[in-house]
$ cat query-v1.pdb   # PDB, C-alpha atoms
ATOM      1  CA  MET M   1      48.328  17.870  30.195  1.00  0.00           C
ATOM      2  CA  LYS M   2      46.603  21.145  29.337  1.00  0.00           C
ATOM      3  CA  SER M   3      47.564  20.882  25.674  1.00  0.00           C
ATOM      4  CA  LEU M   4      46.267  17.281  25.480  1.00  0.00           C
ATOM      5  CA  TRP M   5      42.972  18.478  26.952  1.00  0.00           C
ATOM      6  CA  SER M   6      42.668  21.359  24.436  1.00  0.00           C
ATOM      7  CA  ILE M   7      43.564  19.073  21.517  1.00  0.00           C
ATOM      8  CA  SER M   8      40.867  16.565  22.606  1.00  0.00           C
ATOM      9  CA  LEU M   9      38.294  19.327  23.043  1.00  0.00           C
ATOM     10  CA  THR M  10      39.163  20.855  19.674  1.00  0.00           C
ATOM     11  CA  GLY M  11      38.959  17.434  18.035  1.00  0.00           C
ATOM     12  CA  ALA M  12      35.553  16.736  19.598  1.00  0.00           C
ATOM     13  CA  ALA M  13      34.245  20.146  18.500  1.00  0.00           C
ATOM     14  CA  LEU M  14      35.522  19.554  14.956  1.00  0.00           C
ATOM     15  CA  MET M  15      33.835  16.127  14.829  1.00  0.00           C
ATOM     16  CA  LEU M  16      30.544  17.638  16.022  1.00  0.00           C
ATOM     17  CA  ILE M  17      30.688  20.358  13.359  1.00  0.00           C
ATOM     18  CA  LEU M  18      31.453  17.806  10.618  1.00  0.00           C
ATOM     19  CA  GLU M  19      28.580  15.605  11.812  1.00  0.00           C
ATOM     20  CA  LEU M  20      26.148  18.513  11.680  1.00  0.00           C
ATOM     21  CA  ILE M  21      27.288  19.564   8.213  1.00  0.00           C
ATOM     22  CA  SER M  22      27.566  16.133   6.563  1.00  0.00           C
ATOM     23  CA  CYS M  23      24.591  14.235   7.997  1.00  0.00           C
ATOM     24  CA  SER M  24      21.668  16.600   7.891  1.00  0.00           C
ATOM     25  CA  ARG M  25      18.393  14.805   8.398  1.00  0.00           C
ATOM     26  CA  GLN M  26      15.576  15.716   6.034  1.00  0.00           C
ATOM     27  CA  ALA M  27      11.895  14.890   6.263  1.00  0.00           C
ATOM     28  CA  CYS M  28      10.280  12.347   3.972  1.00  0.00           C
ATOM     29  CA  TYR M  29       7.792  13.967   1.592  1.00  0.00           C
ATOM     30  CA  ASP M  30       7.477  11.087  -0.883  1.00  0.00           C
ATOM     31  CA  ASN M  31       4.560   8.672  -1.127  1.00  0.00           C
ATOM     32  CA  THR M  32       5.611   5.410   0.522  1.00  0.00           C
ATOM     33  CA  ASN M  33       2.317   3.476   0.335  1.00  0.00           C
ATOM     34  CA  ALA M  34       2.007   1.102  -2.596  1.00  0.00           C
ATOM     35  CA  LEU M  35      -1.764   0.591  -2.909  1.00  0.00           C
ATOM     36  CA  MET M  36      -3.797  -1.831  -5.004  1.00  0.00           C
ATOM     37  CA  ASN M  37      -6.364   0.304  -6.857  1.00  0.00           C
ATOM     38  CA  THR M  38      -9.724  -1.161  -7.883  1.00  0.00           C
ATOM     39  CA  SER M  39     -12.479   0.273 -10.079  1.00  0.00           C
ATOM     40  CA  LEU M  40     -16.134  -0.738  -9.679  1.00  0.00           C
ATOM     41  CA  LEU M  41     -17.857  -1.517 -12.979  1.00  0.00           C
ATOM     42  CA  ALA M  42     -21.369  -2.536 -13.923  1.00  0.00           C
ATOM     43  CA  SER M  43     -21.670  -6.153 -15.090  1.00  0.00           C
ATOM     44  CA  GLY M  44     -22.778  -6.431 -18.682  1.00  0.00           C
ATOM     45  CA  THR M  45     -21.922  -2.857 -19.689  1.00  0.00           C
ATOM     46  CA  GLY M  46     -18.461  -2.363 -18.198  1.00  0.00           C
ATOM     47  CA  HIS M  47     -19.276   1.253 -17.354  1.00  0.00           C
ATOM     48  CA  ASP M  48     -18.017   2.860 -14.173  1.00  0.00           C
ATOM     49  CA  THR M  49     -20.618   2.540 -11.456  1.00  0.00           C
ATOM     50  CA  SER M  50     -20.953   3.497  -7.811  1.00  0.00           C
ATOM     51  CA  SER M  51     -21.908   1.299  -4.919  1.00  0.00           C
ATOM     52  CA  VAL M  52     -24.632   2.287  -2.490  1.00  0.00           C
ATOM     53  CA  SER M  53     -22.261   1.225   0.284  1.00  0.00           C
ATOM     54  CA  LEU M  54     -18.776  -0.254   0.318  1.00  0.00           C
ATOM     55  CA  ILE M  55     -16.810  -1.888   3.124  1.00  0.00           C
ATOM     56  CA  VAL M  56     -13.400  -3.505   2.578  1.00  0.00           C
ATOM     57  CA  LYS M  57     -11.630  -5.370   5.388  1.00  0.00           C
ATOM     58  CA  GLY M  58      -8.239  -7.058   5.302  1.00  0.00           C
ATOM     59  CA  ILE M  59      -8.132 -10.433   7.047  1.00  0.00           C
ATOM     60  CA  THR M  60      -4.959 -11.723   8.712  1.00  0.00           C
ATOM     61  CA  PRO M  61      -4.502 -14.745  10.973  1.00  0.00           C
ATOM     62  CA  THR M  62      -4.454 -12.451  14.020  1.00  0.00           C
ATOM     63  CA  ASP M  63      -6.598  -9.448  13.090  1.00  0.00           C
ATOM     64  CA  THR M  64      -9.169  -7.819  10.837  1.00  0.00           C
ATOM     65  CA  VAL M  65      -8.251  -4.384   9.485  1.00  0.00           C
ATOM     66  CA  ASP M  66     -10.911  -1.965   8.240  1.00  0.00           C
ATOM     67  CA  PHE M  67      -9.666  -0.207   5.091  1.00  0.00           C
ATOM     68  CA  VAL M  68     -12.789   1.248   3.489  1.00  0.00           C
ATOM     69  CA  ASP M  69     -16.208   2.108   4.901  1.00  0.00           C
ATOM     70  CA  THR M  70     -18.000   4.558   2.642  1.00  0.00           C
ATOM     71  CA  LYS M  71     -21.144   5.244   0.673  1.00  0.00           C
ATOM     72  CA  SER M  72     -21.463   5.891  -3.074  1.00  0.00           C
ATOM     73  CA  ASN M  73     -17.974   5.039  -4.226  1.00  0.00           C
ATOM     74  CA  SER M  74     -16.760   3.966  -7.683  1.00  0.00           C
ATOM     75  CA  HIS M  75     -13.247   2.845  -6.712  1.00  0.00           C
ATOM     76  CA  PHE M  76     -11.109   1.943  -3.715  1.00  0.00           C
ATOM     77  CA  SER M  77      -7.447   1.556  -2.820  1.00  0.00           C
ATOM     78  CA  VAL M  78      -6.039  -0.875  -0.253  1.00  0.00           C
ATOM     79  CA  PRO M  79      -2.550  -2.014   0.759  1.00  0.00           C
ATOM     80  CA  LEU M  80      -1.350  -5.572   0.330  1.00  0.00           C
ATOM     81  CA  ASP M  81       0.153  -7.368   3.337  1.00  0.00           C
ATOM     82  CA  PRO M  82       3.917  -6.655   3.146  1.00  0.00           C
ATOM     83  CA  GLY M  83       4.698  -9.714   5.284  1.00  0.00           C
ATOM     84  CA  ASN M  84       2.935 -12.303   3.092  1.00  0.00           C
ATOM     85  CA  ASP M  85       2.446 -13.230  -0.558  1.00  0.00           C
ATOM     86  CA  VAL M  86      -1.326 -13.485  -0.116  1.00  0.00           C
ATOM     87  CA  THR M  87      -3.953 -11.098   1.233  1.00  0.00           C
ATOM     88  CA  THR M  88      -7.592 -11.906   1.924  1.00  0.00           C
ATOM     89  CA  PHE M  89     -10.243  -9.188   1.793  1.00  0.00           C
ATOM     90  CA  TYR M  90     -13.888  -9.162   2.803  1.00  0.00           C
ATOM     91  CA  ILE M  91     -15.675  -6.890   0.340  1.00  0.00           C
ATOM     92  CA  VAL M  92     -19.193  -5.830   1.289  1.00  0.00           C
ATOM     93  CA  LEU M  93     -20.936  -4.186  -1.673  1.00  0.00           C
ATOM     94  CA  ASN M  94     -24.448  -2.882  -1.106  1.00  0.00           C
ATOM     95  CA  GLY M  95     -24.771  -5.111   1.977  1.00  0.00           C
ATOM     96  CA  VAL M  96     -23.667  -8.346   0.227  1.00  0.00           C
ATOM     97  CA  THR M  97     -20.361  -9.919   1.344  1.00  0.00           C
ATOM     98  CA  ASP M  98     -17.772 -11.545  -0.898  1.00  0.00           C
ATOM     99  CA  THR M  99     -14.266 -12.758  -0.174  1.00  0.00           C
ATOM    100  CA  ALA M 100     -11.325 -11.950  -2.453  1.00  0.00           C
ATOM    101  CA  VAL M 101      -7.974 -13.719  -2.114  1.00  0.00           C
ATOM    102  CA  ILE M 102      -5.121 -11.910  -3.889  1.00  0.00           C
ATOM    103  CA  THR M 103      -1.735 -13.578  -4.469  1.00  0.00           C
ATOM    104  CA  TYR M 104       1.404 -11.656  -5.388  1.00  0.00           C
ATOM    105  CA  GLU M 105       5.188 -11.542  -5.246  1.00  0.00           C
ATOM    106  CA  ARG M 106       6.760  -8.799  -3.119  1.00  0.00           C
ATOM    107  CA  SER M 107      10.039  -6.965  -3.612  1.00  0.00           C
ATOM    108  CA  PRO M 108      11.662  -4.097  -1.714  1.00  0.00           C
ATOM    109  CA  HIS M 109      11.798  -0.723  -3.463  1.00  0.00           C
ATOM    110  CA  LEU M 110      13.967   2.242  -2.416  1.00  0.00           C
ATOM    111  CA  VAL M 111      11.734   5.325  -2.288  1.00  0.00           C
ATOM    112  CA  SER M 112      14.486   7.807  -1.357  1.00  0.00           C
ATOM    113  CA  ALA M 113      17.325   8.251   1.119  1.00  0.00           C
ATOM    114  CA  GLU M 114      15.001  10.192   3.425  1.00  0.00           C
ATOM    115  CA  CYS M 115      12.041   7.788   3.180  1.00  0.00           C
ATOM    116  CA  GLY M 116      13.796   4.438   3.016  1.00  0.00           C
ATOM    117  CA  TYR M 117      12.226   1.333   1.513  1.00  0.00           C
ATOM    118  CA  THR M 118       8.706   0.148   0.803  1.00  0.00           C
ATOM    119  CA  PHE M 119       7.385  -3.026  -0.806  1.00  0.00           C
ATOM    120  CA  VAL M 120       6.010  -3.160  -4.338  1.00  0.00           C
ATOM    121  CA  SER M 121       4.177  -6.238  -5.613  1.00  0.00           C
ATOM    122  CA  GLU M 122       3.378  -8.103  -8.812  1.00  0.00           C
ATOM    123  CA  LEU M 123      -0.110  -9.636  -8.765  1.00  0.00           C
ATOM    124  CA  THR M 124       0.009 -13.316  -9.702  1.00  0.00           C
ATOM    125  CA  GLY M 125      -3.559 -14.446  -9.113  1.00  0.00           C
ATOM    126  CA  LEU M 126      -6.912 -13.892  -7.502  1.00  0.00           C
ATOM    127  CA  ASN M 127      -9.961 -15.814  -6.449  1.00  0.00           C
ATOM    128  CA  THR M 128     -13.358 -14.574  -5.284  1.00  0.00           C
ATOM    129  CA  THR M 129     -16.682 -15.798  -4.098  1.00  0.00           C
ATOM    130  CA  HIS M 130     -19.507 -14.680  -6.382  1.00  0.00           C
ATOM    131  CA  ASN M 131     -22.300 -13.441  -4.131  1.00  0.00           C
ATOM    132  CA  ILE M 132     -22.408  -9.958  -5.680  1.00  0.00           C
ATOM    133  CA  ILE M 133     -19.062  -9.912  -7.498  1.00  0.00           C
ATOM    134  CA  ASP M 134     -19.524 -11.123 -11.048  1.00  0.00           C
ATOM    135  CA  THR M 135     -15.861 -10.876 -12.071  1.00  0.00           C
ATOM    136  CA  LEU M 136     -12.642  -9.573 -10.547  1.00  0.00           C
ATOM    137  CA  MET M 137     -10.022  -8.962 -13.232  1.00  0.00           C
ATOM    138  CA  ILE M 138      -6.343  -7.948 -13.139  1.00  0.00           C
ATOM    139  CA  ILE M 139      -5.751  -4.940 -15.419  1.00  0.00           C
ATOM    140  CA  ASP M 140      -2.230  -3.956 -14.308  1.00  0.00           C
ATOM    141  CA  ASN M 141      -0.362  -6.503 -12.194  1.00  0.00           C
ATOM    142  CA  SER M 142       2.221  -4.018 -10.860  1.00  0.00           C
ATOM    143  CA  VAL M 143       1.174  -2.624  -7.462  1.00  0.00           C
ATOM    144  CA  ASN M 144       3.563   0.265  -6.898  1.00  0.00           C
ATOM    145  CA  LEU M 145       3.578   3.988  -6.145  1.00  0.00           C
ATOM    146  CA  ASN M 146       2.216   5.182  -9.531  1.00  0.00           C
ATOM    147  CA  GLY M 147      -1.500   5.094  -8.601  1.00  0.00           C
ATOM    148  CA  LYS M 148      -2.656   3.193 -11.713  1.00  0.00           C
ATOM    149  CA  ARG M 149      -5.723   0.937 -11.519  1.00  0.00           C
ATOM    150  CA  ASN M 150      -4.826  -2.690 -10.870  1.00  0.00           C
ATOM    151  CA  LEU M 151      -8.230  -4.426 -10.761  1.00  0.00           C
ATOM    152  CA  HIS M 152     -11.672  -4.122 -12.293  1.00  0.00           C
ATOM    153  CA  LEU M 153     -14.474  -5.420 -10.095  1.00  0.00           C
ATOM    154  CA  PHE M 154     -17.708  -6.136 -11.998  1.00  0.00           C
ATOM    155  CA  PHE M 155     -20.911  -6.427  -9.975  1.00  0.00           C
TER     156      PHE M 155
END
$ encode --input "query-v1.pdb" --output "structure tokens"
Amino acid sequence: MKSLWSISLTGAALMLILELISCSRQACYDNTNALMNTSLLASGTGHDTSSVSLIVKGITPTDTVDFVDTKSNSHFSVPLDPGNDVTTFYIVLNGVTDTAVITYERSPHLVSAECGYTFVSELTGLNTTHNIIDTLMIIDNSVNLNGKRNLHLFF
């Protein structure tokens, strides 16, 4: 009986040591947020311009999420809804509100073993009201982790 007990204890200790050696957990240091990046441009000239004020809110059926609330900004970055193929934004530029509806196709993307998966998207369309926004244009339809500009917003 004593030898069975020592064999079981030795086996359990060996399993614990192997678990500690083989399955070390590491922290995630990679960027996992795929953001849609938008530049603000002056209508007519196409030059970079800054807003006096900028507010961007994401609208879902159950909530409104504040993404940006700043002064004097020439670009902004916001996430797309990972649970839907459409995201609606309220964009308030210099006190004037417009609505932008962005459509896209989502796909999972493995960031790393430590960080797991995120969603990347391919922009397929957009529609806006034109209160202050003159034009909203897709420049790069791939919304991923590279940080490139996706949209140009002319106002």
$ resolve_selection --input "query-v1.pdb" --expression "the PyMOL selection byres ((chain M and resi 47-62) around 8)" --output "JSON, numbers by chain"
{"M": [39, 40, 41, 42, 45, 46, 63, 64, 65, 66, 67, 68, 69, 70, 71, 72, 73, 74, 75, 87, 88, 89, 90, 91, 92, 93, 94, 95]}
$ resolve_selection --input "query-v1.pdb" --expression "the PyMOL selection byres ((chain M and resi 128-131) around 6)" --output "list of chain:residue names"
M:Asp98, M:Thr99, M:Ala100, M:Asn127, M:Ile132, M:Ile133, M:Asp134
$ resolve_selection --input "query-v1.pdb" --expression "the PyMOL selection byres ((chain M and resi 35) around 8)" --output "mmCIF file with C-alpha atoms, keeping the file's coordinate frame"
data_model
loop_
_atom_site.group_PDB
_atom_site.id
_atom_site.type_symbol
_atom_site.label_atom_id
_atom_site.label_comp_id
_atom_site.auth_asym_id
_atom_site.auth_seq_id
_atom_site.Cartn_x
_atom_site.Cartn_y
_atom_site.Cartn_z
ATOM 1 C CA ASN M 33 2.317 3.476 0.335
ATOM 2 C CA ALA M 34 2.007 1.102 -2.596
ATOM 3 C CA MET M 36 -3.797 -1.831 -5.004
ATOM 4 C CA ASN M 37 -6.364 0.304 -6.857
ATOM 5 C CA SER M 77 -7.447 1.556 -2.820
ATOM 6 C CA VAL M 78 -6.039 -0.875 -0.253
ATOM 7 C CA PRO M 79 -2.550 -2.014 0.759
ATOM 8 C CA LEU M 80 -1.350 -5.572 0.330
ATOM 9 C CA VAL M 143 1.174 -2.624 -7.462
ATOM 10 C CA ASN M 144 3.563 0.265 -6.898
ATOM 11 C CA LEU M 145 3.578 3.988 -6.145
ATOM 12 C CA GLY M 147 -1.500 5.094 -8.601
#
$ atom_distance --input "query-v1.pdb" --atom1 "CA of Thr38 in chain M" --atom2 "CA of Arg106 in chain M"
18.8 Å
$ atom_distance --input "query-v1.pdb" --atom1 "CA of Ser43 in chain M" --atom2 "CA of Thr135 in chain M"
8.1 Å
$ closest_residue --input "query-v1.pdb" --among "M:Leu123, M:Cys115, M:Ala27, M:Val86" --to "Asp140 in chain M" --atoms "all atoms listed in the file"
M:Leu123
$ atom_distance --input "query-v1.pdb" --atom1 "CA of Asn31 in chain M" --atom2 "CA of Asn141 in chain M"
19.4 Å
$ closest_residue --input "query-v1.pdb" --among "M:Gln26, M:Leu153, M:Asn146, M:Pro82" --to "Tyr104 in chain M" --atoms "all atoms listed in the file"
M:Pro82
